[in-house]
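As provided, upload_29.cif (mmCIF, C-alpha atoms) reads as follows.
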data_entry
#
loop_
_atom_site.label_atom_id
_atom_site.label_comp_id
_atom_site.auth_asym_id
_atom_site.auth_seq_id
_atom_site.Cartn_x
_atom_site.Cartn_y
_atom_site.Cartn_z
CA MET A 1 6.87 -10.17 0.83
CA ILE A 2 7.79 -12.61 -1.91
CA THR A 3 5.46 -15.38 -3.08
CA ALA A 4 5.61 -17.76 -6.05
CA SER A 5 3.88 -15.17 -8.26
CA SER A 6 4.18 -11.77 -6.60
CA VAL A 7 6.48 -9.36 -4.84
CA SER A 8 5.15 -6.68 -2.51
CA SER A 9 6.24 -3.92 -0.20
CA GLU A 10 5.36 -3.92 3.44
CA LEU A 11 1.94 -2.46 4.17
CA ILE A 12 2.76 0.92 5.69
CA THR A 13 0.65 3.47 7.49
CA ILE A 14 1.08 7.06 6.37
CA GLN A 15 0.00 9.94 8.61
CA SER A 16 -1.46 11.87 5.71
CA PRO A 17 -4.79 11.83 3.84
CA SER A 18 -4.92 9.50 0.83
CA GLU A 19 -5.55 12.54 -1.40
CA VAL A 20 -2.15 14.02 -0.49
CA VAL A 21 -0.42 10.67 -1.02
CA TRP A 22 -2.22 10.13 -4.33
CA ASN A 23 -1.10 13.52 -5.62
CA ILE A 24 2.50 12.55 -4.88
CA LEU A 25 2.09 9.19 -6.65
CA VAL A 26 0.76 10.77 -9.83
CA ASP A 27 3.25 13.68 -9.88
CA PHE A 28 5.69 11.81 -12.13
CA GLU A 29 7.92 14.86 -12.64
CA ASN A 30 8.83 14.95 -8.94
CA TYR A 31 9.54 11.27 -8.20
CA ALA A 32 13.21 12.11 -7.64
CA LEU A 33 12.18 14.04 -4.50
CA TRP A 34 11.17 10.85 -2.71
CA ASN A 35 11.62 7.71 -4.80
CA ASN A 36 15.12 6.25 -5.05
CA PHE A 37 13.83 3.04 -6.65
CA TYR A 38 12.17 4.90 -9.57
CA PRO A 39 14.03 8.22 -9.38
CA LYS A 40 13.02 9.22 -12.88
CA ILE A 41 9.64 8.60 -14.43
CA GLY A 42 7.75 10.21 -17.27
CA GLY A 43 4.37 9.87 -18.90
CA LYS A 44 0.80 11.09 -18.77
CA LEU A 45 -1.71 9.91 -16.22
CA GLU A 46 -4.07 8.39 -18.78
CA LEU A 47 -5.19 4.82 -19.40
CA GLY A 48 -3.03 3.12 -22.00
CA GLU A 49 -0.27 5.73 -21.82
CA ALA A 50 3.34 4.62 -21.65
CA VAL A 51 5.24 5.28 -18.46
CA THR A 52 9.00 5.42 -19.01
CA MET A 53 10.96 4.93 -15.84
CA GLN A 54 14.50 4.53 -14.65
CA VAL A 55 14.59 1.66 -12.15
CA ASP A 56 17.42 0.82 -9.75
CA LEU A 57 17.54 -2.91 -9.07
CA GLY A 58 21.03 -2.66 -7.63
CA PHE A 59 22.82 -2.59 -11.00
CA GLY A 60 22.47 1.11 -11.71
CA LEU A 61 19.53 2.76 -13.41
CA GLN A 62 17.84 0.76 -16.15
CA LYS A 63 15.12 1.97 -18.52
CA ASN A 64 11.75 0.28 -18.24
CA VAL A 65 8.55 1.06 -20.14
CA GLU A 66 5.16 0.03 -18.80
CA TYR A 67 1.58 1.12 -19.54
CA ILE A 68 -1.05 2.59 -17.26
CA THR A 69 -3.84 0.03 -17.03
CA LYS A 70 -5.93 1.24 -14.09
CA ILE A 71 -6.56 4.57 -12.43
CA GLU A 72 -8.86 4.84 -9.40
CA PRO A 73 -8.11 8.27 -7.93
CA TYR A 74 -7.05 8.23 -4.28
CA HIS A 75 -7.07 4.41 -4.27
CA THR A 76 -5.29 2.46 -7.03
CA LEU A 77 -2.74 3.09 -9.76
CA VAL A 78 -1.62 0.17 -11.94
CA TRP A 79 1.01 0.00 -14.63
CA SER A 80 1.73 -3.14 -16.57
CA MET A 81 4.33 -4.57 -18.87
CA GLU A 82 3.25 -4.80 -22.49
CA ASN A 83 2.12 -8.38 -21.67
CA ASN A 84 2.05 -9.90 -25.15
CA PRO A 85 0.98 -13.54 -25.61
CA GLY A 86 3.99 -15.83 -25.34
CA ASP A 87 6.08 -13.40 -23.27
CA PRO A 88 7.95 -15.35 -20.57
CA ILE A 89 6.88 -12.87 -17.89
CA HIS A 90 3.77 -10.75 -17.55
CA ALA A 91 3.62 -8.17 -14.78
CA ASP A 92 1.07 -5.77 -13.32
CA GLN A 93 2.18 -3.43 -10.53
CA TYR A 94 -0.57 -2.22 -8.21
CA GLN A 95 -0.02 0.78 -5.96
CA SER A 96 -2.87 0.85 -3.46
CA LEU A 97 -4.03 3.39 -0.90
CA VAL A 98 -6.67 2.73 1.74
CA SER A 99 -7.99 5.67 3.72
CA LEU A 100 -8.21 4.89 7.43
CA ASP A 101 -9.64 8.26 8.40
CA GLY A 102 -9.37 11.82 7.16
CA GLU A 103 -5.71 12.13 8.14
CA CYS A 104 -4.26 8.64 7.70
CA CYS A 105 -4.00 5.92 5.06
CA THR A 106 -2.12 2.77 4.20
CA TYR A 107 0.07 2.16 1.15
CA GLU A 108 1.24 -1.03 -0.46
CA THR A 109 2.65 -1.89 -3.85
CA VAL A 110 2.44 -5.38 -5.32
CA ASP A 111 3.82 -6.71 -8.60
CA TYR A 112 1.75 -9.69 -9.80
CA PHE A 113 3.58 -11.94 -12.23
CA SER A 114 2.56 -14.70 -14.61
CA GLY A 115 4.24 -16.63 -17.42
CA ASP A 116 6.77 -19.40 -17.82
CA GLY A 117 9.74 -17.29 -16.65
CA VAL A 118 8.29 -16.16 -13.31
CA ALA A 119 9.95 -18.71 -11.02
CA LEU A 120 13.43 -17.95 -12.34
CA MET A 121 12.84 -14.19 -12.35
CA ILE A 122 11.57 -14.18 -8.75
CA ASP A 123 14.49 -16.38 -7.70
CA GLN A 124 17.00 -14.03 -9.33
CA MET A 125 15.38 -10.62 -8.74
CA GLY A 126 12.66 -11.00 -6.09
CA GLN A 127 14.76 -9.71 -3.22
CA GLN A 128 15.90 -6.64 -5.18
CA ILE A 129 12.32 -5.86 -6.20
CA GLU A 130 11.08 -6.27 -2.62
CA ALA A 131 13.86 -4.04 -1.27
CA GLY A 132 13.10 -1.43 -3.94
CA PHE A 133 9.38 -1.49 -3.20
CA ASN A 134 10.06 -1.05 0.54
CA GLN A 135 12.45 1.80 -0.21
CA CYS A 136 9.75 3.39 -2.38
CA ALA A 137 7.11 2.95 0.35
CA ARG A 138 9.35 4.53 3.01
CA GLY A 139 10.18 7.44 0.71
CA LEU A 140 6.51 8.01 -0.06
CA LYS A 141 5.64 7.93 3.65
CA SER A 142 8.33 10.48 4.47
CA ARG A 143 7.41 12.80 1.59
CA ALA A 144 3.65 12.63 2.28
CA GLU A 145 3.99 13.19 6.02
CA ASP A 146 6.35 16.14 5.48
CA LEU A 147 4.05 17.66 2.87
CA TYR A 148 0.95 17.17 5.03
CA ARG A 149 2.70 18.81 8.00
CA GLN A 150 3.47 21.81 5.78
CA ILE A 151 -0.16 21.95 4.59
CA LYS A 152 -1.48 21.78 8.19
CA ASN A 153 0.95 24.50 9.29
CA GLY A 154 -0.10 26.73 6.41
CA ASP A 155 3.39 26.73 4.95
CA ILE A 156 2.07 25.78 1.49
#

Conversion result in structure tokens:
Amino acid sequence: MITASSVSSELITIQSPSEVVWNILVDFENYALWNNFYPKIGGKLELGEAVTMQVDLGFGLQKNVEYITKIEPYHTLVWSMENNPGDPIHADQYQSLVSLDGECCTYETVDYFSGDGVALMIDQMGQQIEAGFNQCARGLKSRAEDLYRQIKNGDI
């Protein structure tokens, strides 16, 4: 969904515990296994650490550096642009999990924007960001459900 100041994925239900999904989200080295929007990402899972990613907004892979600003295990991971005063766009991307029961959760990612350049940026790139976020969500769902099936079957 696209609003005047945010872009989000669809809210999806994943047939896997939030712990399994969380472990996939924070396993930066293996994003290429499921995430075509951010197929390459590197960094440490620590507050303030830089996360260097390759993002595909439909123009080929582009380097982007953001910083981890919130970690709530099994619930929320946030990375943010550097967000200096006077920057035309500030952004904070929330990836949120909500456990529905022991074997199911929801996932949604939302980029919240502020700054003077937001309207133009959303007009020019909002649809690509939304499509990328939905692609990411579907890839995460597929990876988590496959992995959880393997865990339940004792294959791993």

Contacts of Glu72 in chain A at 10 Å (only C-alpha atoms; same-chain gap of 4+ positions) as a list in words: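 Using only C-alpha atoms, the neighbours found are Trp22, Thr76, Leu77, Val78, Ser96 and Leu97 of chain A.
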
In Å, with one decimal, what is the gap from CA of Gln95 in chain A to CA of Ile41 in chain A? 15.0 Å

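Residues of protein, DNA or RNA having at least one counted atom within 9 Å of (-0.3, 9.2, -7.5), given only C-alpha atoms, are Glu19, Val20, Val21, Trp22, Asn23, Ile24, Leu25, Val26, Asp27, Phe28, Leu45, Pro73, Tyr74, His75, Thr76, Leu77 and Gln95 of chain A.
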
Writing out the chosen residues with C-alpha atoms as a PDB file, in the coordinates of the input:
ATOM      1  CA  GLU A  19      -5.550  12.540  -1.400  1.00  0.00           C
ATOM      2  CA  VAL A  20      -2.150  14.020  -0.490  1.00  0.00           C
ATOM      3  CA  VAL A  21      -0.420  10.670  -1.020  1.00  0.00           C
ATOM      4  CA  TRP A  22      -2.220  10.130  -4.330  1.00  0.00           C
ATOM      5  CA  ASN A  23      -1.100  13.520  -5.620  1.00  0.00           C
ATOM      6  CA  ILE A  24       2.500  12.550  -4.880  1.00  0.00           C
ATOM      7  CA  LEU A  25       2.090   9.190  -6.650  1.00  0.00           C
ATOM      8  CA  VAL A  26       0.760  10.770  -9.830  1.00  0.00           C
ATOM      9  CA  ASP A  27       3.250  13.680  -9.880  1.00  0.00           C
ATOM     10  CA  PHE A  28       5.690  11.810 -12.130  1.00  0.00           C
ATOM     11  CA  LEU A  45      -1.710   9.910 -16.220  1.00  0.00           C
ATOM     12  CA  PRO A  73      -8.110   8.270  -7.930  1.00  0.00           C
ATOM     13  CA  TYR A  74      -7.050   8.230  -4.280  1.00  0.00           C
ATOM     14  CA  HIS A  75      -7.070   4.410  -4.270  1.00  0.00           C
ATOM     15  CA  THR A  76      -5.290   2.460  -7.030  1.00  0.00           C
ATOM     16  CA  LEU A  77      -2.740   3.090  -9.760  1.00  0.00           C
ATOM     17  CA  GLN A  95      -0.020   0.780  -5.960  1.00  0.00           C
TER      18      GLN A  95
END

Local residues around (20.9, 2.1, -9.0), at most 7 Å away, using all atoms listed in the file, as a ChimeraX atom specification: /A:56-61

Using the selection just defined, write its residues with C-alpha atoms as an mmCIF file, keeping the file's coordinate frame.
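Dumped to part.cif:
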data_model
loop_
_atom_site.group_PDB
_atom_site.id
_atom_site.type_symbol
_atom_site.label_atom_id
_atom_site.label_comp_id
_atom_site.auth_asym_id
_atom_site.auth_seq_id
_atom_site.Cartn_x
_atom_site.Cartn_y
_atom_site.Cartn_z
ATOM 1 C CA ASP A 56 17.420 0.820 -9.750
ATOM 2 C CA LEU A 57 17.540 -2.910 -9.070
ATOM 3 C CA GLY A 58 21.030 -2.660 -7.630
ATOM 4 C CA PHE A 59 22.820 -2.590 -11.000
ATOM 5 C CA GLY A 60 22.470 1.110 -11.710
ATOM 6 C CA LEU A 61 19.530 2.760 -13.410
#

Near-range 139-144 of chain A list (7 Å; only C-alpha atoms; drop same-chain fewer than 2 positions) as a list in words: Ile14, Ser16, Val20, Val21, Trp34, Asn35, Gln135, Cys136, Ala137, Asp146, Leu147 and Tyr148 of chain A

Excluding same-chain residues fewer than 2 positions from range 115-122 of chain A, what lies within 9 Å of it counting all atoms listed in the file, as a list in words?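 Within the cut-off, the hits are Ile2, Thr3, Ala4, Ser5, Ser6, Val7, Gly86, Asp87, Pro88, Ile89, His90, Ala91, Phe113, Gln124, Met125, Gly126, Gln127 and Ile129 of chain A.
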
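Our summary of the geometry notes that CA of Thr13 in chain A is positioned 21.5 Å from CA of Ala32 in chain A.
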
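Interatomic distance, CA of Tyr94 in chain A to CA of Glu130 in chain A: 13.5 Å.
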
Just say which residues the PyMOL selection byres ((chain A and resi 80) around 12) picks in this file, as a PDB file with C-alpha atoms, in the frame of the given file.
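Wrote selection_2.pdb, looks like this:
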ATOM      1  CA  LEU A  47      -5.190   4.820 -19.400  1.00  0.00           C
ATOM      2  CA  GLY A  48      -3.030   3.120 -22.000  1.00  0.00           C
ATOM      3  CA  GLU A  49      -0.270   5.730 -21.820  1.00  0.00           C
ATOM      4  CA  ALA A  50       3.340   4.620 -21.650  1.00  0.00           C
ATOM      5  CA  VAL A  51       5.240   5.280 -18.460  1.00  0.00           C
ATOM      6  CA  THR A  52       9.000   5.420 -19.010  1.00  0.00           C
ATOM      7  CA  ASN A  64      11.750   0.280 -18.240  1.00  0.00           C
ATOM      8  CA  VAL A  65       8.550   1.060 -20.140  1.00  0.00           C
ATOM      9  CA  GLU A  66       5.160   0.030 -18.800  1.00  0.00           C
ATOM     10  CA  TYR A  67       1.580   1.120 -19.540  1.00  0.00           C
ATOM     11  CA  ILE A  68      -1.050   2.590 -17.260  1.00  0.00           C
ATOM     12  CA  THR A  69      -3.840   0.030 -17.030  1.00  0.00           C
ATOM     13  CA  LYS A  70      -5.930   1.240 -14.090  1.00  0.00           C
ATOM     14  CA  LEU A  77      -2.740   3.090  -9.760  1.00  0.00           C
ATOM     15  CA  VAL A  78      -1.620   0.170 -11.940  1.00  0.00           C
ATOM     16  CA  TRP A  79       1.010   0.000 -14.630  1.00  0.00           C
ATOM     17  CA  MET A  81       4.330  -4.570 -18.870  1.00  0.00           C
ATOM     18  CA  GLU A  82       3.250  -4.800 -22.490  1.00  0.00           C
ATOM     19  CA  ASN A  83       2.120  -8.380 -21.670  1.00  0.00           C
ATOM     20  CA  ASN A  84       2.050  -9.900 -25.150  1.00  0.00           C
ATOM     21  CA  ILE A  89       6.880 -12.870 -17.890  1.00  0.00           C
ATOM     22  CA  HIS A  90       3.770 -10.750 -17.550  1.00  0.00           C
ATOM     23  CA  ALA A  91       3.620  -8.170 -14.780  1.00  0.00           C
ATOM     24  CA  ASP A  92       1.070  -5.770 -13.320  1.00  0.00           C
ATOM     25  CA  GLN A  93       2.180  -3.430 -10.530  1.00  0.00           C
ATOM     26  CA  TYR A  94      -0.570  -2.220  -8.210  1.00  0.00           C
ATOM     27  CA  GLN A  95      -0.020   0.780  -5.960  1.00  0.00           C
ATOM     28  CA  VAL A 110       2.440  -5.380  -5.320  1.00  0.00           C
ATOM     29  CA  ASP A 111       3.820  -6.710  -8.600  1.00  0.00           C
ATOM     30  CA  TYR A 112       1.750  -9.690  -9.800  1.00  0.00           C
ATOM     31  CA  PHE A 113       3.580 -11.940 -12.230  1.00  0.00           C
ATOM     32  CA  SER A 114       2.560 -14.700 -14.610  1.00  0.00           C
TER      33      SER A 114
END

Counting only C-alpha atoms, the option among A:Lys40, A:Lys63, A:Arg138, A:Arg149 closest to Glu10 in chain A: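 Among A:Lys40, A:Lys63, A:Arg138, A:Arg149, it is A:Arg138 that comes nearest to Glu10 in chain A.
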
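Residue nearest Ser18 in chain A within the list A:Asp123, A:Asp155, A:Glu103, A:Glu145: A:Glu103 [criterion: smallest interatomic distance, only C-alpha atoms].
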
On this structure, which residues satisfy the PyMOL selection byres ((chain A and resi 107) around 7), written as an MDAnalysis selection string? chainID A and resid 11:13 96:98 105:106 108:109

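Closest to Leu100 in chain A among A:Pro17, A:Asn153, A:Glu29, A:Gly43 is A:Pro17, based on only C-alpha atoms.
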
Reconstructed N, CA and C atoms for range 110-132 of chain A, given as an mmCIF file, in the frame of the given file:
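Generated file (part08.cif):
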data_model
loop_
_atom_site.group_PDB
_atom_site.id
_atom_site.type_symbol
_atom_site.label_atom_id
_atom_site.label_comp_id
_atom_site.auth_asym_id
_atom_site.auth_seq_id
_atom_site.Cartn_x
_atom_site.Cartn_y
_atom_site.Cartn_z
ATOM 1 N N VAL A 110 2.293 -3.955 -5.041
ATOM 2 C CA VAL A 110 2.440 -5.380 -5.320
ATOM 3 C C VAL A 110 2.616 -5.559 -6.821
ATOM 4 N N ASP A 111 3.625 -6.316 -7.205
ATOM 5 C CA ASP A 111 3.820 -6.710 -8.600
ATOM 6 C C ASP A 111 3.326 -8.139 -8.719
ATOM 7 N N TYR A 112 2.281 -8.352 -9.536
ATOM 8 C CA TYR A 112 1.750 -9.690 -9.800
ATOM 9 C C TYR A 112 2.343 -10.183 -11.105
ATOM 10 N N PHE A 113 2.909 -11.378 -11.074
ATOM 11 C CA PHE A 113 3.580 -11.940 -12.230
ATOM 12 C C PHE A 113 2.883 -13.202 -12.715
ATOM 13 N N SER A 114 2.982 -13.437 -14.032
ATOM 14 C CA SER A 114 2.560 -14.700 -14.610
ATOM 15 C C SER A 114 3.463 -14.993 -15.800
ATOM 16 N N GLY A 115 3.418 -16.231 -16.280
ATOM 17 C CA GLY A 115 4.240 -16.630 -17.420
ATOM 18 C C GLY A 115 5.261 -17.681 -17.034
ATOM 19 N N ASP A 116 5.843 -18.288 -18.033
ATOM 20 C CA ASP A 116 6.770 -19.400 -17.820
ATOM 21 C C ASP A 116 8.061 -18.984 -17.123
ATOM 22 N N GLY A 117 8.464 -17.731 -17.217
ATOM 23 C CA GLY A 117 9.740 -17.290 -16.650
ATOM 24 C C GLY A 117 9.654 -16.737 -15.245
ATOM 25 N N VAL A 118 8.480 -16.804 -14.610
ATOM 26 C CA VAL A 118 8.290 -16.160 -13.310
ATOM 27 C C VAL A 118 9.164 -16.767 -12.219
ATOM 28 N N ALA A 119 9.202 -18.067 -12.110
ATOM 29 C CA ALA A 119 9.950 -18.710 -11.020
ATOM 30 C C ALA A 119 11.424 -18.287 -11.055
ATOM 31 N N LEU A 120 12.023 -18.326 -12.210
ATOM 32 C CA LEU A 120 13.430 -17.950 -12.340
ATOM 33 C C LEU A 120 13.620 -16.460 -12.045
ATOM 34 N N MET A 121 12.740 -15.627 -12.573
ATOM 35 C CA MET A 121 12.840 -14.190 -12.350
ATOM 36 C C MET A 121 12.711 -13.861 -10.855
ATOM 37 N N ILE A 122 11.741 -14.454 -10.179
ATOM 38 C CA ILE A 122 11.570 -14.180 -8.750
ATOM 39 C C ILE A 122 12.772 -14.695 -7.972
ATOM 40 N N ASP A 123 13.300 -15.846 -8.360
ATOM 41 C CA ASP A 123 14.490 -16.380 -7.700
ATOM 42 C C ASP A 123 15.674 -15.428 -7.857
ATOM 43 N N GLN A 124 15.848 -14.883 -9.043
ATOM 44 C CA GLN A 124 17.000 -14.030 -9.330
ATOM 45 C C GLN A 124 16.818 -12.574 -8.914
ATOM 46 N N MET A 125 15.589 -12.055 -8.945
ATOM 47 C CA MET A 125 15.380 -10.620 -8.740
ATOM 48 C C MET A 125 14.366 -10.275 -7.643
ATOM 49 N N GLY A 126 13.716 -11.268 -7.073
ATOM 50 C CA GLY A 126 12.660 -11.000 -6.090
ATOM 51 C C GLY A 126 13.109 -10.160 -4.919
ATOM 52 N N GLN A 127 14.287 -10.461 -4.377
ATOM 53 C CA GLN A 127 14.760 -9.710 -3.220
ATOM 54 C C GLN A 127 15.070 -8.255 -3.570
ATOM 55 N N GLN A 128 15.620 -8.016 -4.767
ATOM 56 C CA GLN A 128 15.900 -6.640 -5.180
ATOM 57 C C GLN A 128 14.605 -5.859 -5.391
ATOM 58 N N ILE A 129 13.608 -6.523 -5.981
ATOM 59 C CA ILE A 129 12.320 -5.860 -6.200
ATOM 60 C C ILE A 129 11.668 -5.537 -4.852
ATOM 61 N N GLU A 130 11.666 -6.499 -3.946
ATOM 62 C CA GLU A 130 11.080 -6.270 -2.620
ATOM 63 C C GLU A 130 11.785 -5.124 -1.903
ATOM 64 N N ALA A 131 13.104 -5.117 -1.921
ATOM 65 C CA ALA A 131 13.860 -4.040 -1.270
ATOM 66 C C ALA A 131 13.538 -2.693 -1.915
ATOM 67 N N GLY A 132 13.443 -2.664 -3.245
ATOM 68 C CA GLY A 132 13.100 -1.430 -3.940
ATOM 69 C C GLY A 132 11.705 -0.943 -3.607
#
